[in-house]
There are 2 protein chains.
Amino acid sequence: MAHLKRYLPILDWGRTYSRTDLSDDLVAAVIVTIMLIPQSLAYALLAGLPPEAGIYASIVPIVLYALFGTSRALAVGPVAVVSLMTAAAIGQVAEAGSMGYAAAALSLALLSGAILLGMGLLRLGFLANFLSHPVIAGFITASGILIALSQLKHVLGVQAHGHTLPELAGSLIAHLPDLNLLTALIGVAATAFLFWVRKGLKPLLRKAGLGLRAADFATKAGPVVAVVASTLAVWGFGLADRGVAVVGAVPQSLPPLTMPDLSPDLLGALIVPALLISIIGFVESISVAQTLAAKRRQRIDPDQELIGLGAANLGAAFTGGYPVTGGFSRSVVNFDAGARTPAAGIFTAAGLAIAALALTPLVFFLPKATLAATIIVAVLSLVDFSILKRTWTYSRADFYAVAATILLTLGFGVETGVSAGVVLSVLLHLYKTSRPHVAEVGLVPGTQHFRNIHRHKVFTDPSLLTLRVDESLYFVNARFLEDLLTDRVGRDSHVRNVVLMCSAVNEIDYSALESLEAINERLTAHGVGLHLSEVKGPVMDRLEKTEFLHAMNGRVFLSQYDAWQALTGQPHVAQAAQ
Amino acid sequence: MAHLKRYLPILDWGRTYSRTDLSDDLVAAVIVTIMLIPQSLAYALLAGLPPEAGIYASIVPIVLYALFGTSRALAVGPVAVVSLMTAAAIGQVAEAGSMGYAAAALSLALLSGAILLGMGLLRLGFLANFLSHPVIAGFITASGILIALSQLKHVLGVQAHGHTLPELAGSLIAHLPDLNLLTALIGVAATAFLFWVRKGLKPLLRKAGLGLRAADFATKAGPVVAVVASTLAVWGFGLADRGVAVVGAVPQSLPPLTMPDLSPDLLGALIVPALLISIIGFVESISVAQTLAAKRRQRIDPDQELIGLGAANLGAAFTGGYPVTGGFSRSVVNFDAGARTPAAGIFTAAGLAIAALALTPLVFFLPKATLAATIIVAVLSLVDFSILKRTWTYSRADFYAVAATILLTLGFGVETGVSAGVVLSVLLHLYKTSRPHVAEVGLVPGTQHFRNIHRHKVFTDPSLLTLRVDESLYFVNARFLEDLLTDRVGRDSHVRNVVLMCSAVNEIDYSALESLEAINERLTAHGVGLHLSEVKGPVMDRLEKTEFLHAMNGRVFLSQYDAWQALTGQPHVAQAAQ
């Protein structure tokens with residue numbers, strides 16, 4: 001039973017579900033549904049898919065996540081970055097707008113679902129941590145710019161293509177003469193209105209005496225107002241006949257049962273994009289879920305989250321959707337609207353199903369320019385270059401990783417950008433640990449403490465060289481210590497004993513063990529003793545299983561002070577460098 | 001001048017060159033030349049190239065390395081593993097034995113030379129350290145098996161193809177009925193003889209009163225004896241007409257000037273194999289060079305070694321060769337034969353040039369079976385599965401990396417094997433550091449030291465939680481600490497203060513800094529204080545540049561004992577778990 005509960009969290013919250021929970025969840029669901037209708041249409045537009053795909057992707061996936069996910073407030077569906085990545089991935093295998101394009105989106109959702117589910121069952125949730133925070137921040141910022149640029153064509157009513165900054169900007173400039181003035185008017189007006197709602201309306205409403213929450217919701221309703229107003233304008237003035245692109249006919253139907261294209265060529269071409277979409281989607285989702293859970297002191301299980309998101313994507317694949325994940329804006333609205341349990345998600349799905357059945361004729365005259373405007377205003381809030389400044393002052397390595405991620409994402413697209421960011425984070429970490437900080441230490445007078453001889457006035461003994469290595473010893477830096485010691489002992493003929501002080505050595509891997517053996521041989525050949533001090537418990541447990549401790553010509557001291565007392569002759573005050 | 005000397009080490013040793021050096025170098029060159037003639041032919045056979053390619057690859061490259069390399073004893077030329085990797089790489093783009101095959105070998109050498117030279121000029125020698133020792137050992141062992149298997153066809157006189165264990169074994173078994181008995185007789189006899197020379201002859205000669213060095217050289221001459229005897233047998237009995245494959249006509253010529261194929265398609269297909277060959281070649285070469293240099297207390301400069309090997313490969317590309325590197329067996333022979341300076345290499349090159357001009361008719365009747373036998377006996381000494389046992393007892397992570405490398409190399413070929421080994425080493429390291437050892441510590445009675453409460457009897461205070469994190473804090477484990485603390489403090493309502501003892505934290509990257517900020521916010525919300533102790537100099541320097549130290553609700557203590565004195569109420573003796 002406990003096992004079943006782990007995989008079906010609904011068994012947990014379901015049995016304590018109360019009337020208060022029900023009314024709270026219902027209210028939240030109504031608010032989220034209203035917000036999701038235009039948003040789903042807009043993200044489908046961004047992904048290059050027919051508008052109904054956005055709605056379908058919000059129905060069954062929400063329900064499946066409600067059954068398997070562990071977050072109480074997360075709202076799953078199409079999100080901006082994943083929609084952009086979907087467009088980039090399918091754009092490589094099919095023509096936008098073609099039948100193959102929508103079918104490829106289903107295959108992508110299937111692969112993504114399988115990957116997420118597989119990672120969840122293998123308990124690989126920790127893999128999300130292999131993306132560093134600055135790299136994610138840089139990626140999101142660059143994606144926001146690409147998304148906004150990709151939507152400018154709808155706002156201006158021109159044709160433009162591309163998945164990178166140079167392509168998009170070049171294409172936009174080339175097609176600028178084809179500008180449709182009426183479309184641009186609607187698009188620019190909608191964008192300006194939505195920016196004003198976001199920046200100017202809330203303070204105004206607060207001044208007018210509205211409560212904080214009410215003002216917040218009024219602000220969130222901005223897109224709905226823009227959608228309704230511009231739809232009425234297009235309908236009333238017959239603008240669709242004068243070149244303003246509209247959403248057009250959307251089938252009145254519940255999500256259809258669909259079968260993804262399983263041809264090996266297609267799946268082979270989509271597997272890497274699917275992997276990247278899964279990772280980015282998971283990272284985005286888990287960050288939102290953890291932030292919201294922390295506010296109510298609830299817990300998120302990353303491995304079960306993978307299963308929930310995997311199920312949601314499989315659901316999207318078989319019901320006419322495309323890759324989904326837990327979205328930031330919709331989840332926050334859900335949370336703020338008072339959603340208590342995942343049942344709110346199920347009610348939202350019901351609301352959207354009603355909309356799909358009954359309301360789609362109403363969006364016939366909805367101009368694409370308005371949808372594009374809602375996307376632009378939403379994603380520009382993701383764009384935040386301050387991460388560059390913050391990492392520059394704190395850690396140059398992090399800065400380089402962010403800068404490269406931003407430049408590569410803008411210049412070569414989302415897939416190159418995020419892959420490069422991950423690889424670079426790891427390489428920079430390896431590079432940093434490949435040249436660890438090693439301090440030569442001496443005894444602080446009157447204590448049993450040892451400190452860097454270049455930072456403190458300490459006792460030293462010319463026959464005793466003590467090095468404190470500030471890093472775990474592993475393959476990346478194994479040779480480093482070998483070279484350093486060979487060099488240091490070779491230059492100084494007074495040294496009779498070397499002590500490696502291991503208080504900051506958290507691991508010695510097999511490569512480093514071999515290096516220690518080599519060091520021991522070389523020092524023995526020079527007639528110099530090799531000793532260790534302050535070796536940690538787990539490290540010592542391992543060393544005791546090896547021949548090395550017997551082969552070593554010196555001893556292992558519990559504390560550096562023991563080593564000092566045993567090995568020192570006449571202490572001298574060091575000529576401190578400082 | 002010092003700058004010039006760095007890039008042209010010959011200017012250094014050349015100006016002190018003495019008569020003793022000259023005679024030592026000449027003797028070594030004669031011995032190495034005699035050994036290299038059959039070895040070069042054999043490795044060309046292994047690479048699937050015409051025999052002369054092996055000799056050409058040993059002439060100009062040796063001279064170029066002598067000019068630019070920093071090792072005094074390294075002998076550069078074709079080696080077993082790189083020959084196998086060459087065969088695997090070119091086999092994908094051209095038919096073995098065709099003109100395009102030899103041309104592709106030149107392109108591969110060109111790419112490899114360019115990569116090595118580029119890495120040298122960018123001072124990327126440290127990249128060689130990103131391969132862990134066990135992974136290299138596993139790769140060499142698996143390669144040795146593949147090499148031996150690939151040569152069995154020549155020993156038995158059958159056709160067989162493939163670059164993986166299943167392919168090679170399956171192909172051999174399928175073709176076994178085509179066995180040429182005379183070839184098999186020569187092949188098996190040569191193999192048995194060479195094994196006996198290696199294992200049985202040396203003790204025998206030593207018993208007969210020969211000195212250690214003389215016995216060693218007699219043993220090394222084994223392949224020459226086998227070559228001469230089997231050539232005479234084939235010639236004398238006319239076995240070439242009875243189906244015994246022989247080396248055949250080899251052009252009598254100095255290395256020709258050749259132009260590698262520069263078509264972008266070919267270079268594109270070879271770039272990844274070239275990168276892997278460069279890295280493996282460099283790692284093999286630098287290990288040999290450093291081992292030999294250490295024996296004479298000389299120094300090797302890894303970056304300059306890259307330049308030397310790069311020049312050698314470029315030389316091979318333009319003079320009919322194929323990728324080369326510093327070889328283990330030839331370098332050891334060179335060293336043991338008393339080579340003093342790289343001039344020995346230049347003399348060896350001269351000897352091989354004379355052989356290429358004058359002696360090639362003598363190898364017409366040399367059976368390929370004998371060459372294959374010399375390879376098999378040489379590479380089986382590389383096969384050493386003990387690394388599996390040694391890593392199993394010492395470090396399970398290292399064991400998995402080795403086992404995967406061996407299995408993947410055998411099952412999917414050298415390129416997959418070595419790539420997987422590198423990726424796996426890095427992933428396992430990241431995984432290990434993603435779940436660091438965190439000890440809850442208390443005060444050891446009568447001291448100022450703090451130890452793990454589960455290992456020692458120590459004082460604790462229920463209101464004070466002190467955690468010693470035994471790992472640098474960076475993106476891979478940033479979230480870990482957040483979850484751990486949330487969980488620990490959530491479970492225990494007595495905790496009023498948390499101290500993170502940072503004596504083993506060698507770095508806090510930007511992701512970890514953000515996690516610390518999140519931890520601080522959560523603890524503040526719980527009314528719990530967050531403090532740091534024993535933060536290292538370099539880590540503190542960085543933290544002081546941030547807002548975090550001001551935002552933190554607690555203090556930074558120089559020592560954990562200071563923190564204890566400031567934060568503890570009434571100490572209690574812990575219920576030590578042990």
# chains A, B, ... in the order shown; residues from 1 in each chain; ligands from 1
call {"tool": "interface_residues", "arguments": {"of": "chain A", "to": "chain B", "cutoff": "6 Å", "atoms": "only C-alpha atoms", "output": "MDAnalysis selection string"}}
result
chainID A and resid 129:130 132:133 470 475:476 504 506 511
call {"tool": "residues_around", "arguments": {"residues": "range 240-256 of chain A", "least_positions_apart": "4", "cutoff": "9 Å", "atoms": "only C-alpha atoms", "output": "ChimeraX atom specification"}}
result
/A:41,50-53,55-57,59-60,154,157,180-184,186,231,234-235,318-321,353-361,363-369
call {"tool": "atom_distance", "arguments": {"atom1": "CA of Ala551 in chain A", "atom2": "CA of Val528 in chain A"}}
result
14.0 Å
call {"tool": "residues_around", "arguments": {"residues": "range 213-224 of chain B", "least_positions_apart": "4", "cutoff": "6 Å", "atoms": "only C-alpha atoms", "output": "PyMOL selection string"}}
result
chain B and resi 197+202+205
call {"tool": "closest_residue", "arguments": {"among": "B:Thr348, B:Ser533, B:Thr70, B:Asn520", "to": "Pro302 in chain B", "atoms": "only C-alpha atoms"}}
result
B:Thr70
call {"tool": "atom_distance", "arguments": {"atom1": "CA of Arg340 in chain A", "atom2": "CA of Ser71 in chain A"}}
result
10.2 Å
call {"tool": "atom_distance", "arguments": {"atom1": "CA of Leu567 in chain A", "atom2": "CA of Arg451 in chain B"}}
result
25.5 Å
call {"tool": "select_by_dssp", "arguments": {"residues": "range 95-339 of chain A", "states": "alpha helix (DSSP H)", "output": "count of residues only"}}
result
163
call {"tool": "residues_around", "arguments": {"residues": "range 10-26 of chain B", "least_positions_apart": "5", "cutoff": "10 Å", "atoms": "only C-alpha atoms", "output": "list of chain:residue names"}}
result
B:Met1, B:Ala2, B:Leu4, B:Lys5, B:Ile31, B:Val32, B:Tyr65, B:Ala66, B:Leu67, B:Phe68, B:Gly69, B:Thr70, B:Arg72, B:Ala73, B:Asn334, B:Phe335, B:Ala337, B:Gly338, B:Ala339, B:Arg340, B:Thr341, B:Pro342, B:Ala343, B:Ala344, B:Gly345, B:Ile346, B:Phe347, B:Thr348
call {"tool": "write_last_selection", "arguments": {"atoms": "N, CA and C atoms", "output": "CSV table (one decimal), in the first residue's frame"}}
result
chain,number,residue,atom,x,y,z
B,1,MET,N,65.1,34.3,-27.0
B,1,MET,CA,65.9,33.1,-27.1
B,1,MET,C,65.4,32.0,-26.2
B,2,ALA,N,65.0,32.4,-25.0
B,2,ALA,CA,64.4,31.4,-24.1
B,2,ALA,C,63.1,31.0,-24.7
B,4,LEU,N,62.4,30.8,-27.9
B,4,LEU,CA,62.7,29.9,-29.0
B,4,LEU,C,63.0,28.6,-28.5
B,5,LYS,N,63.8,28.5,-27.4
B,5,LYS,CA,64.2,27.3,-26.8
B,5,LYS,C,63.0,26.5,-26.3
B,31,ILE,N,70.1,-0.7,-32.7
B,31,ILE,CA,69.2,-1.7,-32.1
B,31,ILE,C,67.8,-1.4,-32.4
B,32,VAL,N,67.4,-0.1,-32.2
B,32,VAL,CA,66.0,0.3,-32.4
B,32,VAL,C,65.6,0.1,-33.9
B,65,TYR,N,59.7,14.9,-34.3
B,65,TYR,CA,59.6,14.9,-32.8
B,65,TYR,C,60.9,15.2,-32.2
B,66,ALA,N,62.0,14.7,-32.8
B,66,ALA,CA,63.4,15.0,-32.2
B,66,ALA,C,63.6,16.5,-32.1
B,67,LEU,N,63.1,17.3,-33.1
B,67,LEU,CA,63.3,18.7,-33.1
B,67,LEU,C,62.4,19.4,-32.1
B,68,PHE,N,61.1,19.0,-31.9
B,68,PHE,CA,60.1,19.7,-31.1
B,68,PHE,C,59.8,19.1,-29.8
B,69,GLY,N,60.0,17.8,-29.6
B,69,GLY,CA,59.6,17.1,-28.4
B,69,GLY,C,60.5,17.4,-27.2
B,70,THR,N,60.0,17.1,-26.0
B,70,THR,CA,60.9,17.3,-24.8
B,70,THR,C,61.4,16.1,-24.2
B,72,ARG,N,63.8,12.8,-23.9
B,72,ARG,CA,65.0,12.4,-24.5
B,72,ARG,C,65.0,11.0,-25.1
B,73,ALA,N,64.1,10.2,-24.7
B,73,ALA,CA,64.1,8.8,-25.0
B,73,ALA,C,62.9,8.3,-25.8
B,334,ASN,N,64.7,1.9,-26.8
B,334,ASN,CA,65.6,3.0,-27.0
B,334,ASN,C,66.3,3.4,-25.8
B,335,PHE,N,65.5,3.5,-24.7
B,335,PHE,CA,66.0,3.9,-23.4
B,335,PHE,C,67.0,2.9,-22.8
B,337,ALA,N,68.7,0.7,-24.5
B,337,ALA,CA,69.8,0.6,-25.4
B,337,ALA,C,70.8,1.8,-25.1
B,338,GLY,N,70.4,2.7,-24.3
B,338,GLY,CA,71.3,3.8,-23.9
B,338,GLY,C,71.2,5.1,-24.6
B,339,ALA,N,70.1,5.3,-25.3
B,339,ALA,CA,69.9,6.6,-26.0
B,339,ALA,C,70.0,7.8,-25.0
B,340,ARG,N,70.8,8.8,-25.4
B,340,ARG,CA,71.0,9.9,-24.5
B,340,ARG,C,70.1,11.1,-24.9
B,341,THR,N,70.0,11.3,-26.2
B,341,THR,CA,69.3,12.5,-26.7
B,341,THR,C,68.4,12.1,-27.8
B,342,PRO,N,67.5,13.1,-28.3
B,342,PRO,CA,66.7,12.8,-29.4
B,342,PRO,C,67.5,12.5,-30.7
B,343,ALA,N,68.8,12.8,-30.7
B,343,ALA,CA,69.6,12.5,-31.9
B,343,ALA,C,69.5,11.0,-32.2
B,344,ALA,N,69.4,10.2,-31.2
B,344,ALA,CA,69.2,8.7,-31.4
B,344,ALA,C,68.0,8.5,-32.3
B,345,GLY,N,66.9,9.3,-32.2
B,345,GLY,CA,65.8,9.2,-33.1
B,345,GLY,C,66.1,9.5,-34.5
B,346,ILE,N,66.9,10.6,-34.6
B,346,ILE,CA,67.3,11.0,-36.0
B,346,ILE,C,68.2,9.9,-36.6
B,347,PHE,N,69.1,9.3,-35.9
B,347,PHE,CA,69.9,8.2,-36.4
B,347,PHE,C,69.0,7.0,-36.8
B,348,THR,N,68.0,6.7,-35.9
B,348,THR,CA,67.0,5.6,-36.3
B,348,THR,C,66.3,5.9,-37.6
call {"tool": "residues_around", "arguments": {"residues": "Thr374 in chain A", "least_positions_apart": "5", "cutoff": "10 Å", "atoms": "only C-alpha atoms", "output": "PyMOL selection string"}}
result
chain A and resi 38-39+42-43+148+151+187+190-191+193-195+222-224+226-227+368-369+379
call {"tool": "residues_around", "arguments": {"residues": "Ala274 in chain A", "least_positions_apart": "6", "cutoff": "7 Å", "atoms": "only C-alpha atoms", "output": "PDB file with C-alpha atoms, in the first residue's frame"}}
result
ATOM      1  CA  LEU A 108       8.251  14.257 -29.820  1.00  0.00           C
ATOM      2  CA  LEU A 111       9.712  10.294 -26.793  1.00  0.00           C
ATOM      3  CA  SER A 112       9.793  12.987 -24.156  1.00  0.00           C
TER       4      SER A 112
END
call {"tool": "closest_residue", "arguments": {"among": "B:Arg198, B:Ile406, B:Ala350, B:Glu534", "to": "Val383 in chain B", "atoms": "only C-alpha atoms"}}
result
B:Ile406
call {"tool": "select_by_dssp", "arguments": {"residues": "range 365-514 of chain B", "states": "strand (DSSP E or B)", "output": "PyMOL selection string"}}
result
chain B and resi 367+438-443+450-452+459-461+464-469+473+497-501+508
call {"tool": "closest_residue", "arguments": {"among": "A:Ser107, A:Ser559, A:Thr524, A:Thr409", "to": "Met259 in chain A", "atoms": "only C-alpha atoms"}}
result
A:Ser107
call {"tool": "closest_residue", "arguments": {"among": "B:Val377, B:Leu428, B:Leu276, B:Val556", "to": "Lys199 in chain B", "atoms": "only C-alpha atoms"}}
result
B:Val377
call {"tool": "closest_residue", "arguments": {"among": "B:Pro445, B:Gly413, B:Gly421, B:Gly138", "to": "Glu167 in chain B", "atoms": "only C-alpha atoms"}}
result
B:Gly413
call {"tool": "closest_residue", "arguments": {"among": "B:Ala233, B:Met552, B:Ala105, B:Ile173", "to": "Ser83 in chain B", "atoms": "only C-alpha atoms"}}
result
B:Ala105
